[in-house]
$ cat upload.txt   # compact mmCIF, C-alpha atoms (C1' of nucleotides)
# COMPACT_ATOMS: atom_id res chain seq x y z
CA MET A 27 0.00 0.00 0.00
CA ASN A 28 2.78 2.36 0.94
CA THR A 29 4.70 1.70 -2.28
CA LEU A 30 1.54 2.44 -4.21
CA LEU A 31 0.81 5.71 -2.39
CA THR A 32 4.45 6.76 -2.68
CA LEU A 33 4.36 6.06 -6.39
CA ILE A 34 1.22 8.17 -6.77
CA GLU A 35 2.55 11.05 -4.66
CA ALA A 36 5.75 11.10 -6.72
CA ILE A 37 3.62 11.92 -9.76
CA TYR A 38 1.22 14.38 -8.16
CA PRO A 39 0.70 15.41 -4.51
CA VAL A 40 -2.91 14.33 -4.19
CA SER A 41 -5.29 15.48 -1.45
CA THR A 42 -5.80 13.59 1.79
CA ALA A 43 -9.46 13.11 0.95
CA LEU A 44 -8.51 11.35 -2.28
CA LYS A 45 -5.97 9.16 -0.51
CA GLN A 46 -8.52 8.14 2.10
CA SER A 47 -11.09 7.43 -0.55
CA LEU A 48 -8.61 5.40 -2.57
CA VAL A 49 -7.48 3.37 0.41
CA SER A 50 -11.05 2.59 1.37
CA LEU A 51 -11.81 1.29 -2.13
CA LEU A 52 -8.69 -0.83 -2.58
CA SER A 53 -8.81 -4.55 -1.86
CA HIS A 54 -5.85 -6.67 -0.95
CA ALA A 55 -5.28 -10.34 -1.64
CA SER A 56 -2.28 -12.61 -1.88
CA LEU A 57 -2.83 -14.99 -4.76
CA PRO A 58 -0.94 -18.26 -5.04
CA LYS A 59 1.16 -19.05 -8.09
CA GLY A 60 -0.94 -20.00 -11.09
CA SER A 61 -4.03 -17.95 -10.20
CA LEU A 62 -5.98 -16.45 -13.09
CA LEU A 63 -6.82 -12.76 -12.82
CA LEU A 64 -8.54 -12.70 -16.19
CA SER A 65 -9.53 -15.15 -18.93
CA PRO A 66 -10.57 -14.73 -22.58
CA ASP A 67 -14.18 -13.65 -23.13
CA GLN A 68 -14.39 -12.13 -19.66
CA ILE A 69 -14.60 -8.36 -19.36
CA SER A 70 -11.74 -7.09 -17.27
CA THR A 71 -13.25 -5.36 -14.24
CA LYS A 72 -10.19 -4.66 -12.11
CA ILE A 73 -6.88 -2.91 -12.20
CA TYR A 74 -4.17 -4.51 -10.04
CA PHE A 75 -1.03 -3.25 -8.44
CA VAL A 76 1.63 -5.91 -7.89
CA GLU A 77 3.08 -5.38 -4.44
CA LYS A 78 5.36 -8.37 -4.78
CA GLY A 79 5.50 -11.35 -7.14
CA LEU A 80 4.91 -11.57 -10.85
CA VAL A 81 2.00 -11.57 -13.29
CA ARG A 82 2.09 -12.75 -16.90
CA GLY A 83 -0.25 -11.91 -19.78
CA TYR A 84 -0.73 -14.44 -22.56
CA TYR A 85 -3.12 -15.67 -25.18
CA LEU A 86 -3.63 -18.95 -26.99
CA LYS A 87 -3.08 -19.17 -30.72
CA ASP A 88 -3.75 -22.55 -32.31
CA GLY A 89 -3.31 -24.05 -28.87
CA LYS A 90 0.07 -22.38 -28.42
CA ASP A 91 0.68 -20.11 -25.45
CA ILE A 92 2.02 -16.66 -26.44
CA THR A 93 3.23 -14.33 -23.70
CA THR A 94 2.22 -10.69 -24.15
CA GLY A 95 3.95 -9.26 -21.10
CA PHE A 96 5.46 -9.63 -17.65
CA MET A 97 4.33 -7.41 -14.78
CA PRO A 98 6.68 -7.76 -11.80
CA GLU A 99 6.51 -6.07 -8.38
CA THR A 100 5.48 -2.37 -8.35
CA SER A 101 3.73 -2.68 -11.72
CA PHE A 102 0.14 -1.97 -12.56
CA VAL A 103 -1.67 -4.80 -14.29
CA ILE A 104 -4.52 -4.54 -16.73
CA SER A 105 -5.40 -6.01 -20.06
CA PRO A 106 -5.66 -2.63 -21.77
CA VAL A 107 -8.12 -3.43 -24.54
CA SER A 108 -10.56 -5.22 -22.26
CA PHE A 109 -10.25 -2.83 -19.33
CA TYR A 110 -10.40 0.50 -21.17
CA ARG A 111 -13.07 -0.53 -23.63
CA GLN A 112 -14.91 -2.80 -21.19
CA GLN A 113 -15.10 -5.51 -23.81
CA PRO A 114 -14.29 -9.24 -23.72
CA SER A 115 -10.62 -10.00 -23.26
CA PHE A 116 -8.53 -11.98 -25.74
CA GLU A 117 -5.91 -12.76 -23.15
CA TYR A 118 -5.25 -14.40 -19.82
CA LEU A 119 -3.59 -12.79 -16.83
CA GLU A 120 -2.01 -15.22 -14.38
CA THR A 121 0.34 -15.08 -11.43
CA LEU A 122 3.67 -16.80 -12.05
CA GLU A 123 4.57 -16.53 -8.36
CA GLU A 124 2.69 -16.12 -5.12
CA SER A 125 1.70 -12.46 -5.46
CA PRO A 126 0.27 -10.00 -2.93
CA LEU A 127 -1.88 -7.67 -5.06
CA TRP A 128 -3.96 -4.57 -4.55
CA SER A 129 -7.02 -4.29 -6.74
CA LEU A 130 -9.51 -1.58 -7.65
CA SER A 131 -12.66 -2.09 -9.67
CA TYR A 132 -13.31 -0.27 -12.93
CA GLN A 133 -16.32 1.41 -11.34
CA HIS A 134 -14.41 2.59 -8.30
CA LEU A 135 -11.58 3.89 -10.48
CA SER A 136 -14.04 5.76 -12.69
CA HIS A 137 -15.63 7.19 -9.58
CA LEU A 138 -12.28 8.47 -8.31
CA TYR A 139 -11.54 10.05 -11.68
CA SER A 140 -14.88 11.87 -11.65
CA GLN A 141 -14.80 12.83 -8.00
CA TYR A 142 -11.19 14.00 -7.85
CA PRO A 143 -10.13 15.68 -11.10
CA GLU A 144 -6.49 15.82 -9.96
CA PHE A 145 -6.44 12.01 -9.84
CA ASN A 146 -6.58 12.15 -13.62
CA TYR A 147 -3.14 13.76 -13.52
CA VAL A 148 -1.80 10.56 -12.01
CA GLY A 149 -3.86 8.39 -14.34
CA ARG A 150 -2.69 10.33 -17.37
CA VAL A 151 0.99 10.10 -16.47
CA VAL A 152 0.82 6.39 -15.66
CA THR A 153 -1.06 5.71 -18.88
CA GLU A 154 1.52 7.69 -20.85
CA GLN A 155 4.29 5.61 -19.28
CA TYR A 156 2.68 2.27 -20.09
CA TYR A 157 1.75 3.42 -23.57
CA THR A 158 5.33 4.50 -24.20
CA ARG A 159 6.70 1.14 -23.07
CA SER A 160 4.23 -0.65 -25.27
CA GLU A 161 5.26 1.42 -28.30
CA LEU A 162 8.92 0.89 -27.60
CA ARG A 163 8.42 -2.83 -27.34
CA ALA A 164 6.45 -2.98 -30.58
CA HIS A 165 9.23 -1.03 -32.25
CA HIS A 166 11.87 -3.41 -30.95
CA LEU A 167 9.93 -6.44 -32.11
CA ARG A 168 9.95 -5.02 -35.64
CA MET A 169 13.36 -3.37 -35.66
CA GLN A 170 15.64 -5.75 -33.81
CA THR A 171 16.87 -9.24 -34.57
CA ALA A 172 15.95 -12.09 -32.23
CA ASP A 173 19.36 -11.89 -30.63
CA GLU A 174 19.13 -8.15 -29.99
CA ARG A 175 15.68 -8.57 -28.46
CA TYR A 176 17.05 -11.19 -26.10
CA ARG A 177 19.88 -8.89 -24.98
CA ALA A 178 17.41 -6.03 -24.51
CA PHE A 179 15.15 -8.31 -22.48
CA LEU A 180 18.04 -9.28 -20.20
CA SER A 181 18.93 -5.66 -19.52
CA GLU A 182 15.34 -4.50 -19.09
CA TYR A 183 14.34 -7.36 -16.80
CA PRO A 184 17.61 -8.50 -15.21
CA THR A 185 15.89 -10.65 -12.59
CA LEU A 186 13.27 -12.28 -14.77
CA ALA A 187 15.47 -14.71 -16.69
CA ASN A 188 15.78 -16.86 -13.56
CA ARG A 189 12.20 -16.50 -12.42
CA VAL A 190 10.41 -17.42 -15.62
CA PRO A 191 10.43 -20.61 -17.77
CA ASN A 192 12.34 -20.04 -21.00
CA LYS A 193 9.36 -20.92 -23.12
CA HIS A 194 7.54 -17.83 -21.84
CA ILE A 195 10.51 -15.61 -22.59
CA ALA A 196 10.73 -17.21 -26.03
CA SER A 197 7.14 -16.42 -26.96
CA PHE A 198 7.46 -12.93 -25.44
CA LEU A 199 10.38 -12.34 -27.82
CA GLY A 200 8.38 -13.73 -30.73
CA LEU A 201 10.27 -17.03 -30.96
CA THR A 202 9.64 -20.72 -30.52
CA PRO A 203 11.35 -22.43 -27.57
CA GLU A 204 13.61 -24.26 -30.04
CA THR A 205 14.83 -21.08 -31.73
CA PHE A 206 15.28 -19.38 -28.38
CA SER A 207 17.35 -22.29 -27.13
CA ARG A 208 19.59 -22.13 -30.19
CA ILE A 209 20.10 -18.39 -29.82
CA ARG A 210 21.15 -18.81 -26.23
CA ALA A 211 23.46 -21.70 -27.10
CA LYS A 212 25.43 -19.41 -29.37
CA ARG A 213 26.36 -17.00 -26.62
CA ASP A 214 26.34 -18.56 -23.15
CA MET B 22 -10.61 24.20 -34.16
CA ASN B 23 -14.27 23.47 -33.70
CA THR B 24 -13.82 19.75 -34.32
CA LEU B 25 -11.06 19.74 -31.73
CA LEU B 26 -13.10 21.56 -29.09
CA THR B 27 -16.11 19.38 -29.78
CA LEU B 28 -13.97 16.28 -29.40
CA ILE B 29 -12.67 17.55 -26.04
CA GLU B 30 -16.10 18.55 -24.76
CA ALA B 31 -17.46 15.14 -25.66
CA ILE B 32 -14.99 13.63 -23.21
CA TYR B 33 -15.30 16.18 -20.42
CA PRO B 34 -17.16 19.52 -20.23
CA VAL B 35 -14.15 21.73 -19.57
CA SER B 36 -14.32 25.28 -18.19
CA THR B 37 -14.48 28.36 -20.39
CA ALA B 38 -11.19 29.58 -18.89
CA LEU B 39 -9.45 26.39 -20.01
CA LYS B 40 -10.95 26.62 -23.48
CA GLN B 41 -9.79 30.20 -23.85
CA SER B 42 -6.35 29.34 -22.59
CA LEU B 43 -6.12 26.37 -24.94
CA VAL B 44 -7.25 28.38 -27.95
CA SER B 45 -4.72 31.11 -27.21
CA LEU B 46 -1.88 28.56 -27.06
CA LEU B 47 -2.80 26.60 -30.20
CA SER B 48 -1.08 27.39 -33.50
CA HIS B 49 -2.50 26.69 -36.89
CA ALA B 50 -0.65 25.91 -40.09
CA SER B 51 -1.49 24.20 -43.35
CA LEU B 52 1.49 22.11 -44.37
CA PRO B 53 1.99 20.98 -47.96
CA LYS B 54 2.32 17.31 -48.82
CA GLY B 55 5.70 15.90 -47.90
CA SER B 56 6.42 18.22 -44.94
CA LEU B 57 8.36 16.74 -42.04
CA LEU B 58 6.88 17.30 -38.60
CA LEU B 59 9.64 15.34 -36.88
CA SER B 60 12.91 13.62 -37.81
CA PRO B 61 15.11 11.06 -36.03
CA ASP B 62 17.38 12.45 -33.31
CA GLN B 63 15.12 15.46 -32.81
CA ILE B 64 13.16 15.69 -29.58
CA SER B 65 9.46 15.92 -30.36
CA THR B 66 8.23 19.23 -28.97
CA LYS B 67 4.71 19.41 -30.33
CA ILE B 68 1.46 17.54 -30.35
CA TYR B 69 -0.63 18.01 -33.49
CA PHE B 70 -4.28 17.67 -34.29
CA VAL B 71 -5.03 16.82 -37.92
CA GLU B 72 -7.93 18.99 -39.03
CA LYS B 73 -7.84 17.58 -42.54
CA GLY B 74 -5.29 15.61 -44.51
CA LEU B 75 -3.02 12.75 -43.49
CA VAL B 76 0.18 12.22 -41.53
CA ARG B 77 2.41 9.15 -41.66
CA GLY B 78 4.97 7.91 -39.13
CA TYR B 79 7.94 5.87 -40.34
CA TYR B 80 11.52 4.95 -39.62
CA LEU B 81 14.43 3.78 -41.71
CA LYS B 82 15.90 0.34 -41.20
CA ASP B 83 18.91 -0.54 -43.35
CA GLY B 84 17.78 2.20 -45.69
CA LYS B 85 14.28 0.73 -45.95
CA ASP B 86 11.27 2.85 -45.07
CA ILE B 87 8.94 1.20 -42.52
CA THR B 88 5.58 2.82 -41.80
CA THR B 89 4.60 2.85 -38.11
CA GLY B 90 1.21 4.49 -38.47
CA PHE B 91 -1.28 6.61 -40.37
CA MET B 92 -2.97 9.59 -38.70
CA PRO B 93 -5.86 10.89 -40.83
CA GLU B 94 -8.19 13.82 -40.18
CA THR B 95 -9.43 14.29 -36.58
CA SER B 96 -6.46 12.35 -35.18
CA PHE B 97 -3.89 13.52 -32.69
CA VAL B 98 -0.30 13.08 -33.82
CA ILE B 99 2.73 12.50 -31.66
CA SER B 100 5.67 10.18 -31.66
CA PRO B 101 4.86 8.76 -28.23
CA VAL B 102 8.33 7.73 -27.06
CA SER B 103 9.96 11.00 -28.04
CA PHE B 104 7.12 13.24 -26.90
CA TYR B 105 6.32 11.66 -23.53
CA ARG B 106 9.92 11.01 -22.55
CA GLN B 107 11.28 14.13 -24.25
CA GLN B 108 14.06 12.09 -25.79
CA PRO B 109 15.40 11.87 -29.37
CA SER B 110 12.98 10.35 -31.83
CA PHE B 111 13.69 7.22 -33.83
CA GLU B 112 11.03 8.04 -36.37
CA TYR B 113 9.86 10.58 -38.91
CA LEU B 114 6.45 12.19 -39.08
CA GLU B 115 5.47 13.51 -42.49
CA THR B 116 2.37 14.77 -44.22
CA LEU B 117 1.17 12.55 -47.05
CA GLU B 118 -1.31 15.19 -48.18
CA GLU B 119 -1.70 18.92 -47.80
CA SER B 120 -2.75 19.07 -44.15
CA PRO B 121 -4.19 21.88 -42.03
CA LEU B 122 -2.90 21.13 -38.52
CA TRP B 123 -3.29 22.54 -35.05
CA SER B 124 -0.22 22.31 -32.84
CA LEU B 125 0.53 22.77 -29.16
CA SER B 126 4.00 22.71 -27.63
CA TYR B 127 5.00 20.22 -24.94
CA GLN B 128 5.53 23.12 -22.53
CA HIS B 129 2.14 24.63 -23.18
CA LEU B 130 0.44 21.27 -22.84
CA SER B 131 2.24 20.62 -19.54
CA HIS B 132 1.18 24.05 -18.39
CA LEU B 133 -2.46 23.33 -19.17
CA TYR B 134 -2.28 20.02 -17.32
CA SER B 135 -0.87 21.76 -14.23
CA GLN B 136 -3.11 24.79 -14.38
CA TYR B 137 -6.37 22.97 -15.10
CA PRO B 138 -6.51 19.59 -13.33
CA GLU B 139 -9.71 18.68 -15.18
CA PHE B 140 -7.81 18.85 -18.45
CA ASN B 141 -6.04 15.70 -17.32
CA TYR B 142 -9.39 13.95 -17.57
CA VAL B 143 -9.35 14.62 -21.29
CA GLY B 144 -5.66 13.78 -21.59
CA ARG B 145 -6.13 10.54 -19.71
CA VAL B 146 -9.04 9.37 -21.83
CA VAL B 147 -7.33 10.26 -25.11
CA THR B 148 -4.13 8.53 -24.00
CA GLU B 149 -6.12 5.43 -23.02
CA GLN B 150 -7.72 5.39 -26.46
CA TYR B 151 -4.45 5.64 -28.35
CA TYR B 152 -2.77 3.14 -26.04
CA THR B 153 -5.61 0.69 -26.63
CA ARG B 154 -5.34 1.04 -30.39
CA SER B 155 -1.61 0.53 -30.23
CA GLU B 156 -2.03 -2.64 -28.18
CA LEU B 157 -4.69 -3.95 -30.48
CA ARG B 158 -2.50 -3.36 -33.50
CA ALA B 159 0.50 -5.06 -31.89
CA HIS B 160 -1.74 -8.01 -31.09
CA HIS B 161 -2.98 -8.23 -34.65
CA LEU B 162 0.55 -8.09 -36.04
CA ARG B 163 1.42 -11.14 -33.94
CA MET B 164 -1.86 -13.00 -34.10
CA GLN B 165 -3.08 -12.58 -37.65
CA THR B 166 -1.76 -13.76 -40.98
CA ALA B 167 -0.68 -11.21 -43.58
CA ASP B 168 -3.97 -11.66 -45.39
CA GLU B 169 -6.06 -11.11 -42.26
CA ARG B 170 -4.09 -7.96 -41.42
CA TYR B 171 -4.79 -6.62 -44.90
CA ARG B 172 -8.52 -7.25 -44.54
CA ALA B 173 -8.50 -5.61 -41.09
CA PHE B 174 -6.65 -2.62 -42.50
CA LEU B 175 -9.24 -2.20 -45.24
CA SER B 176 -12.10 -2.21 -42.77
CA GLU B 177 -10.37 0.02 -40.22
CA TYR B 178 -9.20 2.59 -42.77
CA PRO B 179 -11.67 2.25 -45.66
CA THR B 180 -10.52 5.45 -47.36
CA LEU B 181 -6.78 5.03 -46.97
CA ALA B 182 -6.17 2.31 -49.56
CA ASN B 183 -6.73 4.86 -52.32
CA ARG B 184 -4.88 7.73 -50.65
CA VAL B 185 -1.62 5.98 -49.80
CA PRO B 186 1.02 4.24 -51.97
CA ASN B 187 0.85 0.47 -51.54
CA LYS B 188 4.44 0.26 -50.35
CA HIS B 189 3.51 2.23 -47.23
CA ILE B 190 0.57 -0.04 -46.52
CA ALA B 191 2.85 -3.04 -47.10
CA SER B 192 5.42 -1.96 -44.52
CA PHE B 193 2.65 -0.94 -42.11
CA LEU B 194 1.36 -4.52 -42.34
CA GLY B 195 4.87 -5.89 -41.85
CA LEU B 196 5.36 -6.99 -45.46
CA THR B 197 7.56 -6.17 -48.42
CA PRO B 198 5.88 -4.52 -51.43
CA GLU B 199 6.39 -7.75 -53.36
CA THR B 200 4.63 -9.91 -50.81
CA PHE B 201 1.84 -7.36 -50.44
CA SER B 202 1.34 -7.33 -54.18
CA ARG B 203 1.08 -11.12 -54.29
CA ILE B 204 -1.43 -11.17 -51.44
CA ARG B 205 -3.62 -8.68 -53.22
CA ALA B 206 -3.33 -10.54 -56.52
CA LYS B 207 -4.89 -13.59 -54.88
CA ARG B 208 -8.12 -11.84 -54.00
CA ASP B 209 -8.83 -8.84 -56.23
C1' DA C 18 14.87 -39.51 -2.25
C1' DT C 19 12.07 -41.05 -6.27
C1' DG C 20 9.34 -41.13 -10.29
C1' DA C 21 6.36 -38.76 -13.42
C1' DA C 22 5.53 -34.68 -15.87
C1' DA C 23 7.18 -30.55 -17.82
C1' DA C 24 10.82 -28.08 -19.94
C1' DA C 25 14.80 -27.69 -22.59
C1' DT C 26 17.80 -29.21 -26.05
C1' DT C 27 19.28 -31.11 -30.43
C1' DG C 28 18.77 -32.67 -35.18
C1' DA C 29 16.29 -32.95 -39.60
C1' DT C 30 13.19 -30.81 -42.66
C1' DA C 31 9.62 -27.48 -44.28
C1' DT C 32 7.90 -22.95 -45.39
C1' DA C 33 6.34 -18.08 -45.34
C1' DG C 34 8.02 -14.33 -46.71
C1' DA C 35 12.44 -11.82 -48.02
C1' DT C 36 15.63 -10.71 -51.47
C1' DC C 37 17.32 -9.99 -56.05
C1' DA C 38 16.39 -8.84 -60.73
C1' DA C 39 13.76 -7.62 -64.71
C1' DT C 40 9.54 -5.65 -66.71
C1' DT C 41 5.38 -3.08 -66.84
C1' DT C 42 2.38 0.41 -65.06
C1' DT C 43 1.34 4.70 -62.91
C1' DC C 44 2.19 9.31 -61.85
C1' DA C 45 3.92 13.92 -61.71
C1' DT C 46 5.97 17.79 -64.09
C1' DT C 47 6.95 20.39 -67.82
C1' DA D 8 0.37 15.19 -74.39
C1' DA D 9 5.30 13.63 -73.61
C1' DT D 10 8.78 11.82 -70.72
C1' DG D 11 11.37 10.59 -66.96
C1' DA D 12 10.97 8.80 -62.34
C1' DA D 13 8.65 6.22 -58.94
C1' DA D 14 5.71 2.40 -57.93
C1' DA D 15 3.92 -1.96 -58.72
C1' DT D 16 4.20 -6.43 -60.51
C1' DT D 17 6.13 -10.88 -61.66
C1' DG D 18 9.49 -14.60 -61.54
C1' DA D 19 13.43 -17.07 -59.52
C1' DT D 20 15.87 -18.00 -55.61
C1' DC D 21 17.30 -17.65 -50.62
C1' DT D 22 16.99 -17.72 -45.64
C1' DA D 23 15.58 -17.20 -40.90
C1' DT D 24 12.71 -19.39 -38.24
C1' DA D 25 8.94 -22.77 -37.68
C1' DT D 26 7.72 -27.39 -37.33
C1' DC D 27 8.25 -32.19 -36.28
C1' DA D 28 10.50 -35.73 -33.72
C1' DA D 29 13.52 -37.78 -30.41
C1' DT D 30 16.36 -37.35 -26.27
C1' DT D 31 18.07 -35.28 -22.12
C1' DT D 32 17.50 -32.38 -18.18
C1' DT D 33 14.92 -30.15 -14.68
C1' DT D 34 11.17 -29.63 -11.63
C1' DC D 35 8.00 -30.87 -8.33
C1' DA D 36 4.73 -33.60 -5.69
C1' DT D 37 4.57 -37.54 -2.97
$ encode --input "upload.txt" --output "structure tokens"
Amino acid sequence: MNTLLTLIEAIYPVSTALKQSLVSLLSHASLPKGSLLLSPDQISTKIYFVEKGLVRGYYLKDGKDITTGFMPETSFVISPVSFYRQQPSFEYLETLEESPLWSLSYQHLSHLYSQYPEFNYVGRVVTEQYYTRSELRAHHLRMQTADERYRAFLSEYPTLANRVPNKHIASFLGLTPETFSRIRAKRD
Amino acid sequence: MNTLLTLIEAIYPVSTALKQSLVSLLSHASLPKGSLLLSPDQISTKIYFVEKGLVRGYYLKDGKDITTGFMPETSFVISPVSFYRQQPSFEYLETLEESPLWSLSYQHLSHLYSQYPEFNYVGRVVTEQYYTRSELRAHHLRMQTADERYRAFLSEYPTLANRVPNKHIASFLGLTPETFSRIRAKRD
DNA sequence: ATGAAAAATTGATATAGATCAATTTTCATT
DNA sequence: AATGAAAATTGATCTATATCAATTTTTCAT
């Protein structure tokens, strides 16, 4: 909770009333490894903040599991298309580790945005940050070779390589496990 | 100008003071076809609103021109990574048609966000919309075949196929002009 | 500690789309 | 309208990565 409030205050010094309101609307739960936060065809109704642990987004394509992203501690977690448009999701969100999470419903978040205009300052900045990362990643997927993407992954997420099965990293980088294995064999 | 204000008011009924301030800070210019709004290594300092016309984003990779996006009339235009992080751009922004544009500097926009907290409501919602589109597009690039992406492009941008050289559509869909030509030959 | 299941590796082959090269078509400018 | 340049098409290869299959290694629950 404190990390979350600190993160918010670092963006904009919000009022005490807003903080109290936010705290009263937040729920906390520690989910065991392998819990599903969202499944395809469901409408995403909650935004999460990962206090500790790790969440993965993925979808199934012809039965194959393709990772769309990793959200480690101190990240926000949503499935953007489903959450922002309130439409059925195409992806899963699951915990890869036991994860203490804070959650806030779409309705409560909307309420805070309407009630406290300054909260939109925070929401805008956070959205800009996640949007920017998403764009950068899309650019790298197009611009870089498989090997460069792997190096970039290692430097962006230094701790993840040991926490996550290689097959998830492979699909995140747009590769099959076989190709990923061969790339790593060339350099380690 | 009116389309822009209408678009804003449809998201949030902003104060007259904010509207006046915004109008006084906006610049208008009609740029001829082929004008560059941004080039690599420049820091993007302006957000644009396309009143009429068409803007294209692209970057060069090994001398090849890869289209990152099309921004037709009533779109906002930025290069997200460069604008939000105020760091050198990796891409170009150019007009593909004679385009009357409204522009607002990064400083002026920041000022409006600080001065008028409710303006962040608008900024947040617009950012969410563009983020969502970007995510959806990245998903389609991974999930769909070349042919499906082409069909999706045609239905998302019904007018663009006739306004834009095929080679730009090809690179936007992640294809070479040759492959794009062959895909089209199979169905037209 | 042990065995079963999952993950990773390694090798052989297949393939979508890229690349290279040569025309043909379209377009813009005088 | 003419003409030179850019764009699009078409054909012949090439290649990075996928796919398929078999084996080894790791992980995890009992």
$ residues_around --input "upload.txt" --residues "Lys40 (chain B)" --least-positions-apart "4" --cutoff "12 Å" --atoms "only C-alpha atoms (C1' of nucleotides)" --output "list in words"
Met22, Asn23, Leu25, Leu26, Thr27, Ile29, Glu30, Tyr33, Pro34, Val35, Ser36, Val44, Ser45, Leu46, Leu47, Leu133, Tyr137, Glu139 and Phe140 of chain B
$ atom_distance --input "upload.txt" --atom1 "CA of Ile32 (chain B)" --atom2 "CA of Ser136 (chain A)"
13.2 Å
$ residues_around --input "upload.txt" --residues "region 16-21 of chain D" --least-positions-apart "4" --cutoff "10 Å" --atoms "all atoms listed in the file" --output "PDB file with C-alpha atoms (C1' of nucleotides), in the frame of the given file"
ATOM      1  CA  PRO B 198       5.880  -4.520 -51.430  1.00  0.00           C
ATOM      2  CA  GLU B 199       6.390  -7.750 -53.360  1.00  0.00           C
ATOM      3  CA  SER B 202       1.340  -7.330 -54.180  1.00  0.00           C
ATOM      4  CA  ARG B 203       1.080 -11.120 -54.290  1.00  0.00           C
ATOM      5  CA  ALA B 206      -3.330 -10.540 -56.520  1.00  0.00           C
TER       6      ALA B 206
ATOM      7  C1'  DA C  35      12.440 -11.820 -48.020  1.00  0.00           C
ATOM      8  C1'  DT C  36      15.630 -10.710 -51.470  1.00  0.00           C
ATOM      9  C1'  DC C  37      17.320  -9.990 -56.050  1.00  0.00           C
ATOM     10  C1'  DA C  38      16.390  -8.840 -60.730  1.00  0.00           C
ATOM     11  C1'  DA C  39      13.760  -7.620 -64.710  1.00  0.00           C
ATOM     12  C1'  DT C  40       9.540  -5.650 -66.710  1.00  0.00           C
ATOM     13  C1'  DT C  41       5.380  -3.080 -66.840  1.00  0.00           C
ATOM     14  C1'  DT C  42       2.380   0.410 -65.060  1.00  0.00           C
TER      15       DT C  42
END
$ interface_residues --input "upload.txt" --of "chain B" --to "chain A" --cutoff "10 Å" --atoms "only C-alpha atoms" --output "PyMOL selection string"
chain B and resi 33+80-83+87+89+100-106+111+134-135+137-160+162-165+195
$ residues_around --input "upload.txt" --residues "Glu182 (chain A)" --least-positions-apart "3" --cutoff "12 Å" --atoms "all atoms listed in the file" --output "list in words"
Phe96, Pro98, Arg159, Leu162, Arg163, Arg175, Tyr176, Arg177, Ala178, Phe179, Thr185, Leu186 and Ala187 of chain A
$ closest_atom_pairs --input "upload.txt" --of "chain A" --to "chain D" --cutoff "9 Å" --atoms "only C-alpha atoms (C1' of nucleotides)" --output "JSON lines"
{"residue": "A:Leu201", "atom": "CA", "partner": "D:DT24", "partner_atom": "C1'", "distance": 8.0}
{"residue": "A:Thr202", "atom": "CA", "partner": "D:DA25", "partner_atom": "C1'", "distance": 7.5}
{"residue": "A:Thr205", "atom": "CA", "partner": "D:DT24", "partner_atom": "C1'", "distance": 7.1}
$ interface_residues --input "upload.txt" --of "chain C" --to "chain A" --cutoff "8 Å" --atoms "all atoms listed in the file" --output "PDB file with C-alpha atoms (C1' of nucleotides), in the coordinates of the input"
ATOM      1  C1'  DA C  24      10.820 -28.080 -19.940  1.00  0.00           C
ATOM      2  C1'  DA C  25      14.800 -27.690 -22.590  1.00  0.00           C
ATOM      3  C1'  DT C  26      17.800 -29.210 -26.050  1.00  0.00           C
TER       4       DT C  26
END
$ atom_distance --input "upload.txt" --atom1 "CA of Ser110 (chain B)" --atom2 "CA of Leu43 (chain B)"
25.9 Å
$ atom_distance --input "upload.txt" --atom1 "CA of Glu99 (chain A)" --atom2 "CA of Thr121 (chain A)"
11.3 Å
$ decode --input "upload.txt" --residues "region 41-53 of chain B" --atoms "C-alpha atoms" --output "PDB file, in the first residue's frame"
ATOM      1  CA  GLN B  41      -9.794  30.203 -23.847  1.00  0.00           C
ATOM      2  CA  SER B  42      -6.351  29.342 -22.594  1.00  0.00           C
ATOM      3  CA  LEU B  43      -6.120  26.373 -24.940  1.00  0.00           C
ATOM      4  CA  VAL B  44      -7.250  28.378 -27.950  1.00  0.00           C
ATOM      5  CA  SER B  45      -4.716  31.105 -27.211  1.00  0.00           C
ATOM      6  CA  LEU B  46      -1.875  28.560 -27.063  1.00  0.00           C
ATOM      7  CA  LEU B  47      -2.796  26.603 -30.203  1.00  0.00           C
ATOM      8  CA  SER B  48      -1.079  27.393 -33.498  1.00  0.00           C
ATOM      9  CA  HIS B  49      -2.498  26.691 -36.888  1.00  0.00           C
ATOM     10  CA  ALA B  50      -0.648  25.911 -40.094  1.00  0.00           C
ATOM     11  CA  SER B  51      -1.489  24.205 -43.352  1.00  0.00           C
ATOM     12  CA  LEU B  52       1.488  22.112 -44.369  1.00  0.00           C
ATOM     13  CA  PRO B  53       1.987  20.982 -47.965  1.00  0.00           C
TER      14      PRO B  53
END
